[in-house]
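Just below is one structure, and these are the notes that go with it.
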Amino acid sequence: MAETAPLPAEGQPSRGLDAQGFIAREGSLGRVPPAFRPVVAAVRDRLLDAFGARLHSAYLYGSIPRGTARVGRSDLDLLIALRAEPTDADRADARTIDETLDKEFPQIDGGGTLLVSQEQALSDLERYDLGWFIACLCTPLLGDDLAEYLPRYRPDSLLARETNGDLALFLARWRERIAATADTDEARRPLVRFMSRHLVRTGFTLVMPRWNGWTSDLREMAEVFGAYYPERADQMRSAAVLGYEPSGDPAALRSYVDDLGPWLTGEYARVHGVKAPRP
């Protein structure tokens with residue numbers, strides 16, 4: 001097994017780490033492209049109207065706060081932390097916000113809102129999964145930033161295990177979703193996009209501690225993975241392409257659940273172990 005890469009020397013690329021070797025928080029409101037700023041302004045108003053005092057905090061994540069969003073191609077990704085456990089009514093309100101914004105703003109191609117509770121986000125069980133996600137990959141939009149109550153994170157094996165060490169659980173669900181999806185390219189395309197991204201991120205975090213860094217760019221993730229597993233490099237590069245430009249090819253889905261996914265599951269367990277079970 002290759003040794004962990006050293007911290008970059010001064011003047012060299014940071015690999016997403018700060019000077020102390022912790023994962024630097026990516027994204028900021030200052031990086032939001034001008035075309036998407038009206039969307040972000042509308043989000044603030046809708047969230048306050050819908051959740052009011054129940055809202056603890058809200059965050060953007062993904063390409064919009066990273067400044068890499070493409071007009072008409074990128075989706076709007078939100079995470080909302082409520083003061084109490086989300087209810088079915090809260091989930092319905094979040095879906096309404098997603099659907100309304102998608103109709104009103106052609107800049108975005110759909111949206112997805114994650115709903116969590118403040119208690120869940122700060123729990124010991126979620127410290128190296130949801131907590132890390134909020135602290136490192138989410139950009140504060142409203143409320144009290146939960147990152148202030150969370151540790152700093154290094155790209156180590158513990159983080160790898162707790163973020164992506166549960167792929168085996170997903171594969172069974174993916175097979176069911178594939179079987180239930182209409183036999184059309186249009187129906188399969190969202191599945192290809194979602195599964196491609198998940199597998200590329202899992203492949204990257206498999207080698208993340210050895211590479212000693214963080215990136216959210218799918219193509220860079222695939223290249224980093226391929227340096228450690230050259231026999232699987234082409235598969236991961238193809239998945240990265242489909243993560244950005246998905247097709248509806250059923251062969252891609254079959255390869256994910258019958259070949260690449262099972263292999264990743266076994267290798268992940270061998271290298272990092274299995275993620276702590278959730279209730």
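A note on labels: chains of the structure tokens are A, B, ... as shown, every chain counts residues from 1, and ligands are counted from 1 in their shown order.
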
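Counting only C-alpha atoms, Leu167 (chain A) has the following residues at most 9 Å away, ignoring those fewer than 4 positions along the same chain: Leu171, His198, Leu199, Thr202, Gly261, Pro262, Leu264, Thr265 and Tyr268 of chain A.
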
Mind writing the picked residues with C-alpha atoms as a JSON list (two decimals), in the first residue's frame?
```json
[["chain", "number", "residue", "atom", "x", "y", "z"],
["A", 171, "LEU", "CA", -26.31, -1.42, -3.94],
["A", 198, "HIS", "CA", -21.75, 8.34, -5.71],
["A", 199, "LEU", "CA", -19.30, 5.77, -7.06],
["A", 202, "THR", "CA", -16.56, 6.51, -3.01],
["A", 261, "GLY", "CA", -19.99, -1.25, -7.03],
["A", 262, "PRO", "CA", -19.39, -4.73, -5.56],
["A", 264, "LEU", "CA", -15.57, -1.01, -4.38],
["A", 265, "THR", "CA", -17.58, -2.42, -1.48],
["A", 268, "TYR", "CA", -13.42, -0.32, 0.94]]
```

Could you list, with a cut-off of 7 Å and counting only C-alpha atoms, the residues of region 18-53 of chain A near region 139-162 of chain A, each shown with its nearest atom pair and the distance in Å rounded to one decimal, rows sorted by chain and ascending number, as a Markdown table?
```
| residue | atom | partner | partner_atom | distance |
| --- | --- | --- | --- | --- |
| A:Gly21 | CA | A:Arg154 | CA | 6.5 |
| A:Phe22 | CA | A:Arg154 | CA | 4.7 |
| A:Ile23 | CA | A:Arg154 | CA | 5.7 |
| A:Gly27 | CA | A:Thr139 | CA | 6.0 |
| A:Ser28 | CA | A:Thr139 | CA | 5.6 |
```

Test item: residues at most 10 Å from Phe170 (chain A), only C-alpha atoms, excluding those fewer than 4 positions along its chain, as a ChimeraX atom specification
/A:166,174-175,195,198,257,261

Would you save the residues of that selection, restricted to C-alpha atoms, as an mmCIF file, in the first residue's frame?
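Dumped everything to selection.cif:
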```
data_model
loop_
_atom_site.group_PDB
_atom_site.id
_atom_site.type_symbol
_atom_site.label_atom_id
_atom_site.label_comp_id
_atom_site.auth_asym_id
_atom_site.auth_seq_id
_atom_site.Cartn_x
_atom_site.Cartn_y
_atom_site.Cartn_z
ATOM 1 C CA ASP A 166 -21.772 1.913 3.527
ATOM 2 C CA TRP A 174 -30.023 0.659 -6.479
ATOM 3 C CA ARG A 175 -30.953 -2.686 -7.993
ATOM 4 C CA MET A 195 -24.998 6.588 -9.131
ATOM 5 C CA HIS A 198 -21.755 8.339 -5.708
ATOM 6 C CA VAL A 257 -24.377 -2.772 -9.511
ATOM 7 C CA GLY A 261 -19.995 -1.254 -7.026
#
```

Could you list, with a cut-off of 12 Å and counting only C-alpha atoms, the residues of region 148-262 of chain A near region 57-66 of chain A, each shown with its nearest atom pair and the distance in Å rounded to one decimal, rows sorted by chain and ascending number, as CSV?
```
residue,atom,partner,partner_atom,distance
A:Thr215,CA,A:Arg66,CA,11.2
A:Ser216,CA,A:Gly62,CA,8.4
A:Asp217,CA,A:Ser63,CA,9.4
A:Leu218,CA,A:Ser63,CA,11.4
A:Tyr244,CA,A:Ser63,CA,11.3
```

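CA of Pro277 (chain A) is found 10.2 Å from CA of Leu169 (chain A).
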
So which residues touch Ala84 (chain A) within 10 Å, counting only C-alpha atoms, skipping near sequence neighbours fewer than 2 positions away, as an NGL selection string?
:A and (54-56 or 81-82 or 86-87 or 116-120)

To one decimal in Å, tell me the separation between CA of Asp45 (chain A) and CA of Gln107 (chain A).
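Computed distance, CA of Asp45 (chain A) to CA of Gln107 (chain A), equals 18.0 Å.
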
Write out as a PyMOL selection string all residues of region 70-155 of chain A that DSSP puts in helix (DSSP H, G or I) for this structure's backbone.
chain A and resi 88-104+118-121+130-137+146-149

Contacts of Leu101 (chain A) within 9 Å, only C-alpha atoms, excl. fewer than 4 positions in-chain, as a list in words
Val39, Ala42, Val43, Leu76, Thr96, Ile97, Phe105, Pro106, Ile108, Gly110 and Gly111 of chain A

Save the residues we just selected, N, CA and C atoms, as a PDB file, in the first residue's frame?
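Written file, part34.pdb:
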```pdb
ATOM      1  N   VAL A  39     -31.377  33.585  -7.573  1.00  0.00           N
ATOM      2  CA  VAL A  39     -31.892  32.325  -7.035  1.00  0.00           C
ATOM      3  C   VAL A  39     -31.591  32.245  -5.540  1.00  0.00           C
ATOM      4  N   ALA A  42     -33.802  34.506  -3.549  1.00  0.00           N
ATOM      5  CA  ALA A  42     -35.154  33.952  -3.423  1.00  0.00           C
ATOM      6  C   ALA A  42     -35.186  32.820  -2.407  1.00  0.00           C
ATOM      7  N   VAL A  43     -34.128  32.014  -2.374  1.00  0.00           N
ATOM      8  CA  VAL A  43     -34.053  30.913  -1.420  1.00  0.00           C
ATOM      9  C   VAL A  43     -34.164  31.442   0.007  1.00  0.00           C
ATOM     10  N   LEU A  76     -29.787  23.209  -7.766  1.00  0.00           N
ATOM     11  CA  LEU A  76     -29.666  23.983  -6.543  1.00  0.00           C
ATOM     12  C   LEU A  76     -29.675  23.015  -5.372  1.00  0.00           C
ATOM     13  N   THR A  96     -41.895  21.679  -2.079  1.00  0.00           N
ATOM     14  CA  THR A  96     -42.571  22.802  -2.737  1.00  0.00           C
ATOM     15  C   THR A  96     -41.573  23.892  -3.103  1.00  0.00           C
ATOM     16  N   ILE A  97     -40.655  24.182  -2.186  1.00  0.00           N
ATOM     17  CA  ILE A  97     -39.625  25.186  -2.475  1.00  0.00           C
ATOM     18  C   ILE A  97     -38.774  24.752  -3.662  1.00  0.00           C
ATOM     19  N   PHE A 105     -36.874  29.811 -12.081  1.00  0.00           N
ATOM     20  CA  PHE A 105     -35.517  30.213 -12.470  1.00  0.00           C
ATOM     21  C   PHE A 105     -34.929  29.224 -13.463  1.00  0.00           C
ATOM     22  N   PRO A 106     -34.856  29.616 -14.740  1.00  0.00           N
ATOM     23  CA  PRO A 106     -34.280  28.715 -15.753  1.00  0.00           C
ATOM     24  C   PRO A 106     -32.783  28.485 -15.559  1.00  0.00           C
ATOM     25  N   ILE A 108     -31.383  27.192 -13.089  1.00  0.00           N
ATOM     26  CA  ILE A 108     -31.134  25.926 -12.402  1.00  0.00           C
ATOM     27  C   ILE A 108     -31.890  24.791 -13.086  1.00  0.00           C
ATOM     28  N   GLY A 110     -33.406  21.873 -11.704  1.00  0.00           N
ATOM     29  CA  GLY A 110     -33.871  21.097 -10.569  1.00  0.00           C
ATOM     30  C   GLY A 110     -33.195  21.513  -9.278  1.00  0.00           C
ATOM     31  N   GLY A 111     -33.644  20.915  -8.209  1.00  0.00           N
ATOM     32  CA  GLY A 111     -33.088  21.216  -6.896  1.00  0.00           C
ATOM     33  C   GLY A 111     -33.339  20.078  -5.936  1.00  0.00           C
TER      34      GLY A 111
END
```
